[in-house]
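Below is the file coords-v8.txt, which contains compact mmCIF, N, CA and C atoms.
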# COMPACT_ATOMS: atom_id res chain seq x y z
N MET X 1 69.40 86.07 124.97
CA MET X 1 69.44 86.92 126.15
C MET X 1 69.89 88.31 125.72
N ASN X 2 69.23 89.31 126.20
CA ASN X 2 69.55 90.71 125.88
C ASN X 2 69.82 91.44 127.19
N LYS X 3 71.09 91.49 127.59
CA LYS X 3 71.47 92.13 128.85
C LYS X 3 72.73 92.95 128.64
N VAL X 4 72.71 94.17 129.15
CA VAL X 4 73.84 95.09 129.01
C VAL X 4 74.19 95.62 130.39
N ILE X 5 75.48 95.64 130.71
CA ILE X 5 75.96 96.24 131.95
C ILE X 5 77.07 97.21 131.57
N LEU X 6 76.92 98.47 131.95
CA LEU X 6 77.89 99.51 131.59
C LEU X 6 78.26 100.33 132.82
N ALA X 7 79.51 100.73 132.89
CA ALA X 7 79.97 101.65 133.92
C ALA X 7 80.62 102.82 133.22
N GLY X 8 80.24 104.03 133.61
CA GLY X 8 80.81 105.21 132.97
C GLY X 8 80.35 106.48 133.65
N ARG X 9 80.57 107.59 132.96
CA ARG X 9 80.21 108.91 133.48
C ARG X 9 79.24 109.61 132.52
N LEU X 10 78.30 110.37 133.09
CA LEU X 10 77.35 111.11 132.28
C LEU X 10 78.05 112.24 131.54
N THR X 11 77.72 112.41 130.27
CA THR X 11 78.32 113.47 129.47
C THR X 11 77.53 114.77 129.58
N ARG X 12 76.32 114.69 130.13
CA ARG X 12 75.47 115.87 130.33
C ARG X 12 74.44 115.54 131.40
N ASP X 13 73.77 116.55 131.92
CA ASP X 13 72.71 116.32 132.89
C ASP X 13 71.59 115.52 132.24
N PRO X 14 70.92 114.63 132.99
CA PRO X 14 69.79 113.89 132.42
C PRO X 14 68.66 114.83 132.02
N GLU X 15 68.01 114.49 130.92
CA GLU X 15 66.85 115.26 130.45
C GLU X 15 65.60 114.46 130.79
N VAL X 16 64.74 114.99 131.65
CA VAL X 16 63.53 114.30 132.08
C VAL X 16 62.33 114.92 131.38
N ARG X 17 61.52 114.08 130.76
CA ARG X 17 60.29 114.50 130.10
C ARG X 17 59.15 113.61 130.61
N TYR X 18 57.93 113.96 130.26
CA TYR X 18 56.78 113.17 130.64
C TYR X 18 55.96 112.86 129.40
N THR X 19 55.51 111.61 129.29
CA THR X 19 54.67 111.21 128.17
C THR X 19 53.28 111.80 128.37
N GLN X 20 52.42 111.66 127.35
CA GLN X 20 51.05 112.17 127.46
C GLN X 20 50.29 111.46 128.57
N SER X 21 50.66 110.22 128.86
CA SER X 21 49.98 109.48 129.92
C SER X 21 50.59 109.76 131.30
N GLY X 22 51.62 110.62 131.37
CA GLY X 22 52.19 111.02 132.64
C GLY X 22 53.40 110.22 133.10
N LYS X 23 53.90 109.30 132.29
CA LYS X 23 55.08 108.52 132.67
C LYS X 23 56.34 109.35 132.47
N ALA X 24 57.23 109.30 133.46
CA ALA X 24 58.51 110.02 133.36
C ALA X 24 59.47 109.19 132.52
N VAL X 25 60.24 109.89 131.69
CA VAL X 25 61.31 109.24 130.91
C VAL X 25 62.51 110.17 130.93
N ALA X 26 63.66 109.60 131.31
CA ALA X 26 64.90 110.38 131.35
C ALA X 26 65.85 109.82 130.32
N SER X 27 66.64 110.69 129.73
CA SER X 27 67.65 110.24 128.78
C SER X 27 68.96 110.97 129.07
N PHE X 28 70.04 110.25 128.89
CA PHE X 28 71.37 110.82 129.05
C PHE X 28 72.35 109.96 128.26
N THR X 29 73.55 110.47 128.09
CA THR X 29 74.59 109.74 127.38
C THR X 29 75.67 109.36 128.37
N LEU X 30 76.10 108.10 128.29
CA LEU X 30 77.11 107.58 129.18
C LEU X 30 78.42 107.39 128.42
N ALA X 31 79.49 108.00 128.92
CA ALA X 31 80.82 107.81 128.34
C ALA X 31 81.45 106.60 129.01
N VAL X 32 81.74 105.57 128.20
CA VAL X 32 82.30 104.32 128.71
C VAL X 32 83.68 104.15 128.11
N ASP X 33 84.70 104.11 128.97
CA ASP X 33 86.08 103.94 128.50
C ASP X 33 86.26 102.59 127.82
N ARG X 34 87.06 102.60 126.77
CA ARG X 34 87.46 101.34 126.14
C ARG X 34 88.62 100.80 126.94
N ARG X 35 88.56 99.56 127.28
CA ARG X 35 89.53 98.98 128.19
C ARG X 35 90.83 98.58 127.51
N PHE X 36 90.77 98.06 126.30
CA PHE X 36 91.96 97.54 125.65
C PHE X 36 92.34 98.39 124.45
N GLY X 37 93.62 98.42 124.16
CA GLY X 37 94.09 99.13 122.98
C GLY X 37 94.09 100.63 123.12
N ARG X 38 94.05 101.13 124.34
CA ARG X 38 93.96 102.58 124.56
C ARG X 38 95.19 103.31 124.03
N LYS X 39 96.39 102.78 124.29
CA LYS X 39 97.61 103.47 123.86
C LYS X 39 97.69 103.57 122.34
N ASN X 40 97.36 102.51 121.64
CA ASN X 40 97.38 102.53 120.17
C ASN X 40 96.31 103.46 119.62
N ALA X 41 95.15 103.47 120.23
CA ALA X 41 94.05 104.32 119.76
C ALA X 41 94.41 105.79 119.94
N GLU X 42 95.01 106.14 121.08
CA GLU X 42 95.37 107.55 121.31
C GLU X 42 96.41 108.01 120.30
N ALA X 43 97.34 107.13 119.97
CA ALA X 43 98.38 107.48 119.01
C ALA X 43 97.79 107.71 117.62
N ASN X 44 96.73 106.98 117.27
CA ASN X 44 96.10 107.11 115.95
C ASN X 44 95.00 108.16 115.92
N GLY X 45 94.75 108.83 117.04
CA GLY X 45 93.72 109.86 117.08
C GLY X 45 92.31 109.30 117.15
N GLN X 46 92.16 108.02 117.47
CA GLN X 46 90.84 107.41 117.59
C GLN X 46 90.30 107.66 119.00
N PRO X 47 88.97 107.69 119.15
CA PRO X 47 88.40 107.92 120.47
C PRO X 47 88.72 106.74 121.40
N THR X 48 88.86 107.03 122.70
CA THR X 48 89.14 105.99 123.67
C THR X 48 87.92 105.71 124.54
N ALA X 49 86.78 106.24 124.18
CA ALA X 49 85.54 106.00 124.91
C ALA X 49 84.41 105.84 123.91
N ASP X 50 83.38 105.11 124.32
CA ASP X 50 82.16 105.01 123.54
C ASP X 50 81.10 105.83 124.27
N PHE X 51 80.22 106.46 123.51
CA PHE X 51 79.18 107.31 124.06
C PHE X 51 77.84 106.63 123.81
N ILE X 52 77.25 106.07 124.86
CA ILE X 52 76.08 105.21 124.77
C ILE X 52 74.84 105.95 125.24
N PRO X 53 73.81 106.07 124.39
CA PRO X 53 72.56 106.69 124.84
C PRO X 53 71.80 105.77 125.80
N ILE X 54 71.34 106.33 126.92
CA ILE X 54 70.63 105.57 127.96
C ILE X 54 69.24 106.18 128.12
N VAL X 55 68.22 105.31 128.26
CA VAL X 55 66.85 105.74 128.50
C VAL X 55 66.38 105.07 129.78
N VAL X 56 65.77 105.86 130.68
CA VAL X 56 65.28 105.34 131.96
C VAL X 56 63.82 105.76 132.10
N TRP X 57 62.98 104.86 132.61
CA TRP X 57 61.55 105.12 132.69
C TRP X 57 61.05 105.21 134.13
N GLU X 58 59.92 105.87 134.29
CA GLU X 58 59.09 105.97 135.48
C GLU X 58 59.85 106.52 136.69
N ARG X 59 59.70 105.91 137.87
CA ARG X 59 60.27 106.46 139.11
C ARG X 59 61.79 106.57 139.02
N LEU X 60 62.44 105.58 138.42
CA LEU X 60 63.89 105.62 138.28
C LEU X 60 64.33 106.80 137.43
N ALA X 61 63.52 107.19 136.44
CA ALA X 61 63.82 108.37 135.62
C ALA X 61 63.82 109.63 136.48
N GLU X 62 62.86 109.76 137.37
CA GLU X 62 62.79 110.93 138.25
C GLU X 62 63.96 110.95 139.22
N VAL X 63 64.33 109.79 139.76
CA VAL X 63 65.48 109.71 140.67
C VAL X 63 66.75 110.15 139.96
N CYS X 64 66.94 109.67 138.74
CA CYS X 64 68.12 110.06 137.96
C CYS X 64 68.11 111.56 137.68
N GLY X 65 66.97 112.10 137.28
CA GLY X 65 66.87 113.52 136.98
C GLY X 65 67.14 114.39 138.19
N ASN X 66 66.77 113.92 139.38
CA ASN X 66 66.95 114.71 140.60
C ASN X 66 68.33 114.58 141.22
N ASN X 67 69.07 113.52 140.89
CA ASN X 67 70.31 113.24 141.61
C ASN X 67 71.56 113.16 140.76
N LEU X 68 71.44 113.02 139.47
CA LEU X 68 72.61 112.88 138.63
C LEU X 68 72.88 114.18 137.87
N ILE X 69 74.15 114.47 137.66
CA ILE X 69 74.55 115.62 136.85
C ILE X 69 75.69 115.19 135.95
N LYS X 70 76.06 116.05 135.05
CA LYS X 70 77.19 115.79 134.17
C LYS X 70 78.40 115.40 135.01
N GLY X 71 79.04 114.29 134.64
CA GLY X 71 80.21 113.81 135.36
C GLY X 71 79.91 112.76 136.41
N SER X 72 78.64 112.55 136.74
CA SER X 72 78.29 111.51 137.72
C SER X 72 78.73 110.15 137.20
N GLN X 73 79.26 109.35 138.10
CA GLN X 73 79.70 108.00 137.74
C GLN X 73 78.60 107.03 138.12
N VAL X 74 78.16 106.20 137.16
CA VAL X 74 77.06 105.27 137.41
C VAL X 74 77.35 103.90 136.80
N LEU X 75 76.63 102.92 137.31
CA LEU X 75 76.60 101.58 136.76
C LEU X 75 75.18 101.36 136.25
N VAL X 76 75.04 101.00 134.99
CA VAL X 76 73.72 100.84 134.37
C VAL X 76 73.54 99.38 133.95
N GLU X 77 72.40 98.81 134.32
CA GLU X 77 72.05 97.46 133.88
C GLU X 77 70.73 97.58 133.13
N GLY X 78 70.67 97.00 131.94
CA GLY X 78 69.45 97.08 131.15
C GLY X 78 69.52 96.21 129.92
N ARG X 79 68.80 96.63 128.89
CA ARG X 79 68.74 95.85 127.64
C ARG X 79 68.99 96.78 126.46
N MET X 80 69.55 96.22 125.41
CA MET X 80 69.79 96.96 124.18
C MET X 80 68.48 97.03 123.39
N GLN X 81 68.20 98.19 122.83
CA GLN X 81 66.99 98.37 122.03
C GLN X 81 67.34 99.10 120.74
N VAL X 82 66.81 98.60 119.64
CA VAL X 82 66.96 99.28 118.35
C VAL X 82 65.55 99.64 117.90
N ARG X 83 65.35 100.91 117.59
CA ARG X 83 64.04 101.36 117.11
C ARG X 83 64.25 102.23 115.89
N SER X 84 63.17 102.44 115.15
CA SER X 84 63.27 103.28 113.96
C SER X 84 62.13 104.29 113.96
N TYR X 85 62.34 105.36 113.22
CA TYR X 85 61.30 106.37 113.05
C TYR X 85 61.52 107.05 111.70
N ASP X 86 60.49 107.72 111.20
CA ASP X 86 60.58 108.44 109.94
C ASP X 86 60.95 109.89 110.23
N ALA X 87 62.06 110.34 109.64
CA ALA X 87 62.53 111.71 109.83
C ALA X 87 61.65 112.68 109.04
N GLN X 88 61.83 113.98 109.29
CA GLN X 88 61.04 114.99 108.60
C GLN X 88 61.27 114.97 107.10
N ASP X 89 62.48 114.57 106.68
CA ASP X 89 62.77 114.52 105.25
C ASP X 89 62.26 113.24 104.60
N GLY X 90 61.55 112.38 105.37
CA GLY X 90 60.96 111.17 104.82
C GLY X 90 61.86 109.95 104.90
N SER X 91 63.11 110.12 105.33
CA SER X 91 64.01 108.98 105.44
C SER X 91 63.75 108.23 106.74
N LYS X 92 64.11 106.96 106.74
CA LYS X 92 63.96 106.14 107.93
C LYS X 92 65.24 106.22 108.75
N ARG X 93 65.12 106.51 110.03
CA ARG X 93 66.27 106.62 110.92
C ARG X 93 66.21 105.50 111.96
N TYR X 94 67.38 105.00 112.32
CA TYR X 94 67.48 103.94 113.33
C TYR X 94 68.22 104.47 114.54
N VAL X 95 67.76 104.09 115.72
CA VAL X 95 68.37 104.51 116.97
C VAL X 95 68.67 103.26 117.79
N THR X 96 69.91 103.14 118.27
CA THR X 96 70.29 102.08 119.17
C THR X 96 70.56 102.71 120.53
N GLU X 97 69.93 102.17 121.57
CA GLU X 97 70.06 102.74 122.91
C GLU X 97 69.93 101.63 123.94
N VAL X 98 70.30 101.94 125.18
CA VAL X 98 70.14 101.01 126.29
C VAL X 98 68.97 101.49 127.13
N VAL X 99 68.00 100.61 127.36
CA VAL X 99 66.88 100.90 128.24
C VAL X 99 67.27 100.35 129.61
N ALA X 100 67.48 101.24 130.58
CA ALA X 100 68.00 100.85 131.88
C ALA X 100 66.91 100.28 132.78
N ASN X 101 67.22 99.16 133.42
CA ASN X 101 66.35 98.60 134.46
C ASN X 101 66.83 99.05 135.83
N GLU X 102 68.16 99.19 135.97
CA GLU X 102 68.77 99.60 137.24
C GLU X 102 69.87 100.61 136.95
N VAL X 103 69.98 101.60 137.82
CA VAL X 103 71.07 102.58 137.76
C VAL X 103 71.63 102.69 139.16
N GLU X 104 72.90 102.36 139.31
CA GLU X 104 73.55 102.43 140.61
C GLU X 104 74.52 103.60 140.61
N PHE X 105 74.38 104.48 141.60
CA PHE X 105 75.26 105.64 141.71
C PHE X 105 76.59 105.17 142.29
N MET X 106 77.69 105.59 141.67
CA MET X 106 79.02 105.19 142.12
C MET X 106 79.85 106.44 142.38
N GLY X 107 80.95 106.28 143.08
CA GLY X 107 81.87 107.39 143.29
C GLY X 107 81.29 108.44 144.22
N SER X 108 81.99 109.56 144.31
CA SER X 108 81.54 110.65 145.16
C SER X 108 80.58 111.55 144.38
N ARG X 109 79.87 112.38 145.12
CA ARG X 109 78.92 113.28 144.48
C ARG X 109 79.69 114.36 143.71
N PRO X 110 79.46 114.49 142.40
CA PRO X 110 80.16 115.52 141.63
C PRO X 110 79.63 116.91 141.97
N GLN X 111 80.45 117.92 141.69
CA GLN X 111 80.07 119.32 141.92
C GLN X 111 79.57 119.92 140.61
N ARG X 112 78.57 120.77 140.72
CA ARG X 112 78.12 121.52 139.54
C ARG X 112 79.19 122.53 139.18
N GLU X 113 79.15 123.02 137.95
CA GLU X 113 80.11 124.05 137.54
C GLU X 113 79.99 125.24 138.48
N GLY X 114 81.11 125.81 138.87
CA GLY X 114 81.12 126.91 139.82
C GLY X 114 81.23 126.44 141.25
N GLY X 115 81.32 125.12 141.49
CA GLY X 115 81.54 124.59 142.83
C GLY X 115 80.30 124.34 143.64
N ALA X 116 79.10 124.61 143.10
CA ALA X 116 77.87 124.35 143.86
C ALA X 116 77.65 122.85 143.95
N PRO X 117 77.16 122.35 145.09
CA PRO X 117 76.94 120.91 145.21
C PRO X 117 75.79 120.44 144.33
N ALA X 118 75.81 119.16 144.00
CA ALA X 118 74.73 118.55 143.23
C ALA X 118 73.47 118.53 144.08
N PRO X 119 72.30 118.32 143.46
CA PRO X 119 71.05 118.29 144.22
C PRO X 119 71.08 117.24 145.32
N GLN X 120 70.27 117.46 146.38
CA GLN X 120 70.20 116.51 147.47
C GLN X 120 69.43 115.27 147.05
N GLY X 121 69.69 114.17 147.75
CA GLY X 121 69.03 112.90 147.45
C GLY X 121 70.03 111.95 146.84
N GLY X 122 69.66 110.72 146.68
CA GLY X 122 70.51 109.73 146.03
C GLY X 122 71.80 109.46 146.78
N TYR X 123 72.68 110.41 146.80
CA TYR X 123 73.92 110.30 147.56
C TYR X 123 73.63 110.81 148.96
N GLN X 124 73.50 109.94 149.90
CA GLN X 124 73.16 110.36 151.26
C GLN X 124 74.42 110.67 152.05
N GLN X 125 74.39 111.78 152.77
CA GLN X 125 75.47 112.12 153.67
C GLN X 125 74.88 112.20 155.06
N SER X 126 75.63 111.71 156.05
CA SER X 126 75.14 111.76 157.42
C SER X 126 75.28 113.18 157.95
N ALA X 127 74.44 113.53 158.94
CA ALA X 127 74.46 114.87 159.50
C ALA X 127 75.74 115.13 160.28
N ALA X 128 76.21 114.15 161.02
CA ALA X 128 77.44 114.31 161.80
C ALA X 128 78.48 113.34 161.28
N PRO X 129 79.74 113.77 161.24
CA PRO X 129 80.76 112.85 160.76
C PRO X 129 80.90 111.67 161.71
N GLN X 130 81.14 110.51 161.16
CA GLN X 130 81.30 109.30 161.94
C GLN X 130 82.71 109.22 162.50
N ALA X 131 82.83 108.74 163.74
CA ALA X 131 84.15 108.51 164.32
C ALA X 131 84.77 107.32 163.61
N PRO X 132 86.06 107.35 163.36
CA PRO X 132 86.68 106.23 162.67
C PRO X 132 86.52 104.95 163.48
N GLN X 133 86.19 103.89 162.80
CA GLN X 133 86.00 102.59 163.43
C GLN X 133 87.34 101.88 163.50
N PRO X 134 87.60 101.17 164.62
CA PRO X 134 88.85 100.40 164.69
C PRO X 134 88.83 99.29 163.66
N LYS X 135 89.99 99.01 163.07
CA LYS X 135 90.08 97.96 162.08
C LYS X 135 89.95 96.61 162.76
N GLN X 136 89.18 95.73 162.16
CA GLN X 136 89.04 94.39 162.69
C GLN X 136 90.00 93.48 161.96
N SER X 137 90.54 92.55 162.71
CA SER X 137 91.49 91.62 162.13
C SER X 137 90.88 90.23 162.14
N PHE X 138 90.95 89.55 161.02
CA PHE X 138 90.47 88.19 160.91
C PHE X 138 91.64 87.32 160.49
N GLY X 139 92.19 86.59 161.43
CA GLY X 139 93.32 85.72 161.10
C GLY X 139 94.63 86.40 161.44
N PRO X 140 95.74 85.76 161.02
CA PRO X 140 97.05 86.30 161.38
C PRO X 140 97.34 87.61 160.66
N SER X 141 98.13 88.44 161.31
CA SER X 141 98.52 89.71 160.73
C SER X 141 99.67 89.50 159.74
N ILE X 142 99.54 90.08 158.52
CA ILE X 142 100.56 89.95 157.49
C ILE X 142 101.07 91.34 157.16
N PRO X 143 102.40 91.54 157.21
CA PRO X 143 102.93 92.86 156.85
C PRO X 143 102.56 93.21 155.40
N GLU X 144 102.31 94.50 155.16
CA GLU X 144 101.87 94.94 153.83
C GLU X 144 102.82 94.56 152.73
N GLU X 145 104.13 94.59 152.99
CA GLU X 145 105.08 94.30 151.93
C GLU X 145 105.04 92.84 151.48
N GLU X 146 104.37 91.96 152.26
CA GLU X 146 104.27 90.55 151.88
C GLU X 146 102.98 90.23 151.14
N ILE X 147 102.09 91.21 151.01
CA ILE X 147 100.83 90.97 150.29
C ILE X 147 101.15 90.93 148.80
N PRO X 148 100.67 89.89 148.09
CA PRO X 148 101.08 89.69 146.70
C PRO X 148 100.45 90.62 145.68
N PHE X 149 99.58 91.50 146.03
CA PHE X 149 98.96 92.40 145.04
C PHE X 149 99.01 93.82 145.46

Show this structure as structure tokens.
Amino acid sequence: MNKVILAGRLTRDPEVRYTQSGKAVASFTLAVDRRFGRKNAEANGQPTADFIPIVVWERLAEVCGNNLIKGSQVLVEGRMQVRSYDAQDGSKRYVTEVVANEVEFMGSRPQREGGAPAPQGGYQQSAAPQAPQPKQSFGPSIPEEEIPF
């Protein structure tokens, strides 16, 4: 089974290109925090995040290019791919990347540098603010200080 699930933030705006046959392909790098050993790693000067190259194809590539910017928080589900190519100097190069099947937008819409909002789409905002809904209670009421977490 080849399945990868990652949650992180974009390190740069997605780059969208089109193949000769007209298929859209977007690429970006996802910064994924390392969950364990963070304190020891910081003390030793080691990075506390991994930077994973992500490739997205067709309609999803266009959606990502139109709605995501540097700093956007996303959840990516896809597969790991290793490919090789011959460099200009004749050496063989290997690339490991995640080919995304699904990209879920998380968090709030990030702002572009200078405070301008991100492009419209993807993150939908309603035209009028919603009135707060009354909280529904299911079962007996428990004071907050008695909740175990």

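Counting only N, CA and C atoms and comparing X:Thr19, X:Gln81, X:Thr48, X:Thr29, the residue that lies closest to Val95 in chain X is X:Gln81.
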
- Message: With distances taken over only C-alpha atoms, which residue among X:Ala26, X:Ala7, X:Val74, X:Met80 lies nearest Gly107 in chain X?
- Response: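 Result for the nearest residue to Gly107 in chain X: X:Val74.
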
- Item | Option closest in space to Asp50 in chain X, from X:Gly8, X:Val16, X:Val82, X:Arg34 [counting only N, CA and C atoms] |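 Residue with the minimum atom-to-atom distance to Asp50 in chain X: X:Arg34.
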
- Query: From the set X:Pro53, X:Ile5, X:Glu58, X:Val103, which residue has the shortest atom-to-atom contact distance to Gly22 in chain X, counting only N, CA and C atoms?
  - Reply: X:Glu58

- With a distance cut-off of 12 Å and only C-alpha atoms, select the neighbouring residues of Lys3 in chain X, excluding the residue or stretch itself and same-chain residues fewer than 5 positions from it, and output the selection as a list in words. Val76, Glu77, Gly78, Arg79, Met80, Gln81, Val98, Val99, Ala100, Asn101 and Glu102 of chain X

Would you output that residue set with N, CA and C atoms, as a PDB file, in the coordinates of the input?
ATOM      1  N   VAL X  76      75.040 101.000 134.990  1.00  0.00           N
ATOM      2  CA  VAL X  76      73.720 100.840 134.370  1.00  0.00           C
ATOM      3  C   VAL X  76      73.540  99.380 133.950  1.00  0.00           C
ATOM      4  N   GLU X  77      72.400  98.810 134.320  1.00  0.00           N
ATOM      5  CA  GLU X  77      72.050  97.460 133.880  1.00  0.00           C
ATOM      6  C   GLU X  77      70.730  97.580 133.130  1.00  0.00           C
ATOM      7  N   GLY X  78      70.670  97.000 131.940  1.00  0.00           N
ATOM      8  CA  GLY X  78      69.450  97.080 131.150  1.00  0.00           C
ATOM      9  C   GLY X  78      69.520  96.210 129.920  1.00  0.00           C
ATOM     10  N   ARG X  79      68.800  96.630 128.890  1.00  0.00           N
ATOM     11  CA  ARG X  79      68.740  95.850 127.640  1.00  0.00           C
ATOM     12  C   ARG X  79      68.990  96.780 126.460  1.00  0.00           C
ATOM     13  N   MET X  80      69.550  96.220 125.410  1.00  0.00           N
ATOM     14  CA  MET X  80      69.790  96.960 124.180  1.00  0.00           C
ATOM     15  C   MET X  80      68.480  97.030 123.390  1.00  0.00           C
ATOM     16  N   GLN X  81      68.200  98.190 122.830  1.00  0.00           N
ATOM     17  CA  GLN X  81      66.990  98.370 122.030  1.00  0.00           C
ATOM     18  C   GLN X  81      67.340  99.100 120.740  1.00  0.00           C
ATOM     19  N   VAL X  98      70.300 101.940 125.180  1.00  0.00           N
ATOM     20  CA  VAL X  98      70.140 101.010 126.290  1.00  0.00           C
ATOM     21  C   VAL X  98      68.970 101.490 127.130  1.00  0.00           C
ATOM     22  N   VAL X  99      68.000 100.610 127.360  1.00  0.00           N
ATOM     23  CA  VAL X  99      66.880 100.900 128.240  1.00  0.00           C
ATOM     24  C   VAL X  99      67.270 100.350 129.610  1.00  0.00           C
ATOM     25  N   ALA X 100      67.480 101.240 130.580  1.00  0.00           N
ATOM     26  CA  ALA X 100      68.000 100.850 131.880  1.00  0.00           C
ATOM     27  C   ALA X 100      66.910 100.280 132.780  1.00  0.00           C
ATOM     28  N   ASN X 101      67.220  99.160 133.420  1.00  0.00           N
ATOM     29  CA  ASN X 101      66.350  98.600 134.460  1.00  0.00           C
ATOM     30  C   ASN X 101      66.830  99.050 135.830  1.00  0.00           C
ATOM     31  N   GLU X 102      68.160  99.190 135.970  1.00  0.00           N
ATOM     32  CA  GLU X 102      68.770  99.600 137.240  1.00  0.00           C
ATOM     33  C   GLU X 102      69.870 100.610 136.950  1.00  0.00           C
TER      34      GLU X 102
END

- Message: Distance cut-off 12 Å, centre (62.9, 112.4, 130.6) in file coordinates, counting only C-alpha atoms: which residues qualify? Return them as a list in words.
- Response: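 Nearby residues: Asp13, Pro14, Glu15, Val16, Arg17, Tyr18, Thr19, Gly22, Lys23, Ala24, Val25, Ala26, Ser27, Phe28, Ile54, Val55, Val56, Trp57, Glu58, Arg59, Leu60, Ala61, Glu62, Val63, Cys64, Gly65 and Asn66 of chain X.
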
- Task: Name the residues of range 54-101 of chain X that come out as strand (DSSP E or B) in a backbone DSSP run; write them as a VMD selection string.
- Result: chain X and resid 54 to 57 73 to 86 92 to 101

Just need the box for range 88-97 of chain X, edges along x, y and z, holding every atom the file lists for it with 8 Å tacked onto each side, so centre and edge lengths in Å to one decimal, as JSON.
{"center_x": 65.8, "center_y": 108.3, "center_z": 114.3, "size_x": 25.6, "size_y": 29.4, "size_z": 35.3}

- Å distance separating atom N of Leu30 in chain X from CA of Gly90 in chain X, one decimal place: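 These two atoms are separated by 28.1 Å.
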